[in-house]
Each structure stands twice: as C-alpha cells, then as structure tokens.
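One structure is given below, encoded as structure tokens.
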Amino acid sequence: MAKVLIVAPPAVFAITCHEVAHGWVASRFGDQTARDRGRLTLNPIAHVDPMGTIVVPLMLAFANAPIIGWAKPVPVDFRNLRSPKKDMGYVAAAGPATNLLLAAICGILFNLFSLALGGDTLSAFLSPLRLMLLVGVQVNVMLAIFNLLPVPPMDGSKVAISVLPYRYARVFARMERYGIFPLLLLLMIPETNRLIRRLIDPVADVLIVLFLKGPAAFF
C-alpha cells in the first residue's frame with residue numbers, strides 16, 4: 001500500500017500533464033476540440049483510463065519493470081490545424097516535451113529536499129515526498145522516451161508523419177487504424193522487445209542521472 005501511495009500520484013500527474021499538453025498545443029494551432037470537450041484541465045478524473053493510468057503502471061512498479069502507462073487520449077482533429085501535416089508534429093511532441101520538463105523539475109526539487117533532510121522531524125515528513133520526486137523523474141523520463149518511439153499510435157509516429165515525405169508518411173498514417181496492437185505485438189515478440197529495451201534503457205538511464213545529479217555526474 002505504501003508503494004502505491006508513492007508511485008500513483010507522480011504517475012497520474014505525469015500522464016495527465018502529457019495529455020493536457022497535446023490539447024493545449026493543438027488549441028494554439030487552431031483546433032479547439034480538447035478545449036470544447038473540457039479536456040484542458042489538470043483534474044486527473046477527466047483523463048484517467050483505469051487500465052492504462054492506474055493498473056498497468058502499478059503492476060510494472062511492483063514488478064520493478066520500466067513504468068509506462070497511458071490516459072484517455074485528448075481528442076485532436078488534425079484537420080482543424082492551420083497546417084495539419086506540420087502542426088501534427090508539434091502537437092505530438094508536446095506530450096514528451098512536457099514529461100521531460102516535469103522530470104527536470106522533479107530532479108531539482110529532489111535535490112532541494114535532499115539538502116533539507118537534516119533534522120529527524122523534517123526528515124520523517126519530507127522522505128515520502130522525496131521518494132515521490134524520485135519516482136516522478138523516472139516515470140516522466142520513461143513516458144517521454146516510450147512515447148517518442150516511431151510506432152503507431154505513439155507520439156513518435158505522428159512526429160514521423162509530420163516530417164516524412166507524403167509517400168512514407170502515409171505508411172505510418174495507415175497503421176494508425178490498428179491502434180495499439182502493432183506496439184503490443186512488438187513488445188510480445190522477445191527479439192523486438194529486447195531491441196526496444198536496448199534503445200530505451202540507455203537513454204533513460206542517462207536522462208535520469210542527468211536530472212537527478214546534473215551534468216557533473218558525467219565528469
């Protein structure tokens with residue numbers, strides 16, 4: 001139960017901010033769908049997907065596996081964007097970029113709380129918050145990197161659509177119709193699962209150390 005209380009708040013907040021970022025950037029580029037449907041809110045109830053936001057991240061946390069998750073996708077009608085193909089990339093990248101920003105903020109606060117853990121009373125009060133900030137760094141880094149995989153329906157596939165020539169962008173666009181199944185298939189195949197882990201883990205490790213200890217950690 002204690003682990004749930006430590007992991008759940010930063011995980012839910014990270015996923016909520018990820019989705020709100022998509023909708024907010026979309027509204028800046030001309031699509032007000034998310035705003036009109038009340039999804040530009042940090043109230044997690046509006047974004048929570050019971051399985052993707054709560055069950056899966058907690059199961060992964062208890063298994064000491066990389067923590068990933070998802071929320072109810074913020075509705076975006078790309079046809080309303082001023083330049084649909086190009087602006088799609090900005091909307092998609094907003095989620096991972098927000099998670100990296102949150103990871104940096106959590107890292108700064110983590111170090112400030114570490115310095116404050118001097119007295120016994122203060123230590124007892126701040127220790128759980130410090131652990132939440134540590135989890136916040138880890139969760140946000142993993143969400144950012146995982147979502148940037150160029151596999152539909154992850155954000156990376158939409159970024160790819162926005163920058164690739166139409167001929168190749170259509171390939172990614174057609175795969176969107178299958179939802180999350182292509183990604184689940186890749187994760188279920190041991191060879192591709194190991195490949196994805198080899199791509200994600202080193203980058204995640206470097207970013208986590210960077211956000212927690214700063215550039216000095218590499219010198």
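Letters A, B, ... mark the chains of the structure tokens in the order given; residue numbers begin at 1 per chain; ligand numbers begin at 1, in order shown.
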
All residues 8 Å or closer to Ala71 in chain A, only C-alpha atoms, same chain fewer than 2 positions away omitted, as a PDB file with N, CA and C atoms, in the first residue's frame:
ATOM      1  N   ILE A  15       1.008  11.572 -16.543  1.00  0.00           N
ATOM      2  CA  ILE A  15       0.160  11.196 -17.677  1.00  0.00           C
ATOM      3  C   ILE A  15      -0.874  12.288 -17.952  1.00  0.00           C
ATOM      4  N   THR A  16      -1.412  12.881 -16.890  1.00  0.00           N
ATOM      5  CA  THR A  16      -2.392  13.964 -17.055  1.00  0.00           C
ATOM      6  C   THR A  16      -1.768  15.159 -17.776  1.00  0.00           C
ATOM      7  N   GLU A  19      -1.227  14.575 -21.533  1.00  0.00           N
ATOM      8  CA  GLU A  19      -2.420  14.716 -22.374  1.00  0.00           C
ATOM      9  C   GLU A  19      -2.849  16.166 -22.507  1.00  0.00           C
ATOM     10  N   HIS A  47      -9.046  12.546 -17.387  1.00  0.00           N
ATOM     11  CA  HIS A  47      -8.080  11.901 -18.279  1.00  0.00           C
ATOM     12  C   HIS A  47      -7.799  10.435 -17.951  1.00  0.00           C
ATOM     13  N   VAL A  48      -8.207   9.997 -16.760  1.00  0.00           N
ATOM     14  CA  VAL A  48      -7.795   8.668 -16.297  1.00  0.00           C
ATOM     15  C   VAL A  48      -8.434   7.567 -17.136  1.00  0.00           C
ATOM     16  N   ASP A  49      -7.579   6.660 -17.595  1.00  0.00           N
ATOM     17  CA  ASP A  49      -8.002   5.389 -18.164  1.00  0.00           C
ATOM     18  C   ASP A  49      -7.673   4.352 -17.087  1.00  0.00           C
ATOM     19  N   GLY A  52      -4.801   1.889 -18.164  1.00  0.00           N
ATOM     20  CA  GLY A  52      -3.526   2.468 -18.573  1.00  0.00           C
ATOM     21  C   GLY A  52      -2.925   3.446 -17.588  1.00  0.00           C
ATOM     22  N   THR A  53      -3.782   4.116 -16.803  1.00  0.00           N
ATOM     23  CA  THR A  53      -3.274   5.128 -15.879  1.00  0.00           C
ATOM     24  C   THR A  53      -2.995   4.573 -14.492  1.00  0.00           C
ATOM     25  N   GLY A  69       2.538   3.942 -19.119  1.00  0.00           N
ATOM     26  CA  GLY A  69       1.095   3.983 -18.948  1.00  0.00           C
ATOM     27  C   GLY A  69       0.493   4.914 -19.981  1.00  0.00           C
ATOM     28  N   PRO A  73      -6.896   9.344 -24.587  1.00  0.00           N
ATOM     29  CA  PRO A  73      -6.287  10.324 -25.493  1.00  0.00           C
ATOM     30  C   PRO A  73      -7.113  11.608 -25.567  1.00  0.00           C
TER      31      PRO A  73
END

Exercise. Out of range 54-211 of chain A, which residues get helix (DSSP H, G or I) from DSSP, as a ChimeraX atom specification?
Worked result: /A:54-62,78-80,84-116,120-147,155-163,166-178,181-188,190-211

Generate the output file for the selected residues, C-alpha atoms, as a compact mmCIF listing (two decimals), in the first residue's frame.
# COMPACT_ATOMS: atom_id res chain seq x y z
CA ILE A 54 -3.58 3.02 -12.75
CA VAL A 55 -3.43 -0.76 -13.17
CA VAL A 56 -0.57 -1.11 -15.67
CA PRO A 57 1.83 1.42 -14.05
CA LEU A 58 1.26 -0.09 -10.60
CA MET A 59 1.79 -3.64 -11.86
CA LEU A 60 5.03 -2.56 -13.53
CA ALA A 61 6.13 -0.75 -10.39
CA PHE A 62 5.60 -3.83 -8.23
CA PHE A 78 -5.85 17.50 -37.11
CA ARG A 79 -7.99 18.85 -39.96
CA ASN A 80 -8.58 21.97 -37.88
CA PRO A 84 -2.24 19.81 -40.47
CA LYS A 85 0.80 17.77 -41.50
CA LYS A 86 3.43 20.07 -39.99
CA ASP A 87 1.48 21.11 -36.89
CA MET A 88 0.69 17.47 -36.09
CA GLY A 89 4.34 17.06 -35.15
CA TYR A 90 4.24 19.95 -32.68
CA VAL A 91 1.06 18.62 -31.07
CA ALA A 92 2.53 15.12 -30.76
CA ALA A 93 5.89 16.30 -29.42
CA ALA A 94 4.22 18.46 -26.75
CA GLY A 95 3.45 15.45 -24.54
CA PRO A 96 7.00 14.01 -24.33
CA ALA A 97 8.48 17.52 -24.07
CA THR A 98 6.22 18.23 -21.09
CA ASN A 99 7.31 14.99 -19.42
CA LEU A 100 10.99 15.93 -19.82
CA LEU A 101 10.26 19.35 -18.31
CA LEU A 102 8.48 17.68 -15.38
CA ALA A 103 11.42 15.29 -14.94
CA ALA A 104 13.77 18.27 -14.70
CA ILE A 105 11.54 19.99 -12.15
CA CYS A 106 11.24 16.82 -10.08
CA GLY A 107 15.03 16.41 -10.19
CA ILE A 108 15.60 19.95 -8.92
CA LEU A 109 13.08 19.52 -6.10
CA PHE A 110 14.54 16.11 -5.27
CA ASN A 111 17.94 17.69 -4.67
CA LEU A 112 16.45 20.54 -2.64
CA PHE A 113 14.57 18.08 -0.44
CA SER A 114 17.73 16.00 -0.04
CA LEU A 115 19.55 19.05 1.29
CA ALA A 116 16.68 19.75 3.68
CA ASP A 120 14.72 13.91 12.35
CA THR A 121 11.27 15.54 12.32
CA LEU A 122 11.81 17.20 8.97
CA SER A 123 13.33 14.02 7.59
CA ALA A 124 10.29 11.95 8.51
CA PHE A 125 8.00 14.49 6.84
CA LEU A 126 9.96 15.00 3.65
CA SER A 127 11.18 11.47 2.94
CA PRO A 128 7.92 10.28 1.28
CA LEU A 129 7.80 13.45 -0.82
CA ARG A 130 11.43 12.93 -1.80
CA LEU A 131 10.62 9.39 -2.94
CA MET A 132 7.69 10.72 -4.98
CA LEU A 133 10.02 13.15 -6.71
CA LEU A 134 12.45 10.34 -7.49
CA VAL A 135 9.59 8.32 -9.00
CA GLY A 136 8.49 11.48 -10.82
CA VAL A 137 11.84 11.70 -12.57
CA GLN A 138 11.76 8.02 -13.54
CA VAL A 139 8.14 7.99 -14.70
CA ASN A 140 8.39 11.16 -16.76
CA VAL A 141 11.61 10.07 -18.47
CA MET A 142 10.15 6.68 -19.39
CA LEU A 143 6.91 8.25 -20.65
CA ALA A 144 8.81 10.72 -22.81
CA ILE A 145 11.11 8.14 -24.39
CA PHE A 146 8.48 5.45 -24.83
CA ASN A 147 6.04 7.85 -26.46
CA ASP A 155 3.55 10.25 -30.41
CA GLY A 156 6.73 9.40 -32.30
CA SER A 157 4.71 8.05 -35.22
CA LYS A 158 2.87 11.38 -35.56
CA VAL A 159 6.16 13.25 -35.38
CA ALA A 160 7.41 10.97 -38.18
CA ILE A 161 4.27 11.67 -40.23
CA SER A 162 4.85 15.41 -39.86
CA VAL A 163 8.45 15.34 -41.15
CA TYR A 166 3.94 12.16 -48.05
CA ARG A 167 4.84 8.84 -49.66
CA TYR A 168 6.33 7.48 -46.42
CA ALA A 169 4.07 9.41 -44.05
CA ARG A 170 1.06 7.59 -45.49
CA VAL A 171 2.53 4.28 -44.30
CA PHE A 172 2.50 5.46 -40.68
CA ALA A 173 -0.92 7.06 -41.13
CA ARG A 174 -2.43 3.80 -42.39
CA MET A 175 -1.04 1.91 -39.39
CA GLU A 176 -2.87 4.26 -37.01
CA ARG A 177 -6.11 2.41 -37.74
CA TYR A 178 -4.83 -0.64 -35.84
CA PHE A 181 -1.89 -3.55 -31.45
CA PRO A 182 1.30 -3.04 -33.55
CA LEU A 183 3.15 -1.85 -30.45
CA LEU A 184 1.78 -4.66 -28.28
CA LEU A 185 2.88 -7.15 -30.94
CA LEU A 186 6.41 -5.73 -30.93
CA LEU A 187 6.52 -5.92 -27.13
CA MET A 188 5.26 -9.52 -27.12
CA PRO A 190 11.12 -11.38 -27.43
CA GLU A 191 13.54 -10.19 -30.14
CA THR A 192 11.80 -6.87 -30.79
CA ASN A 193 11.12 -6.41 -27.08
CA ARG A 194 14.84 -6.73 -26.37
CA LEU A 195 15.61 -4.33 -29.22
CA ILE A 196 13.20 -1.74 -27.84
CA ARG A 197 14.71 -2.15 -24.37
CA ARG A 198 18.23 -1.71 -25.78
CA LEU A 199 17.08 1.52 -27.41
CA ILE A 200 15.16 2.88 -24.42
CA ASP A 201 17.12 1.83 -21.34
CA PRO A 202 20.49 3.53 -22.07
CA VAL A 203 18.80 6.82 -22.96
CA ALA A 204 16.54 6.61 -19.90
CA ASP A 205 19.49 5.86 -17.61
CA VAL A 206 21.45 8.86 -18.90
CA LEU A 207 18.48 11.22 -18.58
CA ILE A 208 17.58 10.03 -15.09
CA VAL A 209 21.14 10.56 -13.87
CA LEU A 210 21.23 13.95 -15.61
CA PHE A 211 18.00 15.15 -13.99

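Picture a line from CA of Leu40 in chain A to CA of Val74 in chain A; it runs 8.6 Å.
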
For this session: Rank A:Leu42, A:Leu81, A:Ile180, A:Val4 by their smallest atom-to-atom distance to Val20 in chain A, using only C-alpha atoms, and report the top residue only.
Result: A:Leu42

Problem set entry | Point-to-point distance from CA of Asp36 in chain A to CA of Ala11 in chain A, Å rounded to tenths | 25.8 Å

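Of the listed residues (A:Pro152, A:Val76, A:Leu5, A:Pro10), A:Val76 comes nearest to Arg37 in chain A; the distances count only C-alpha atoms.
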
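Coordinates place CA of Ala14 in chain A at a distance of 18.0 Å from CA of Pro75 in chain A.
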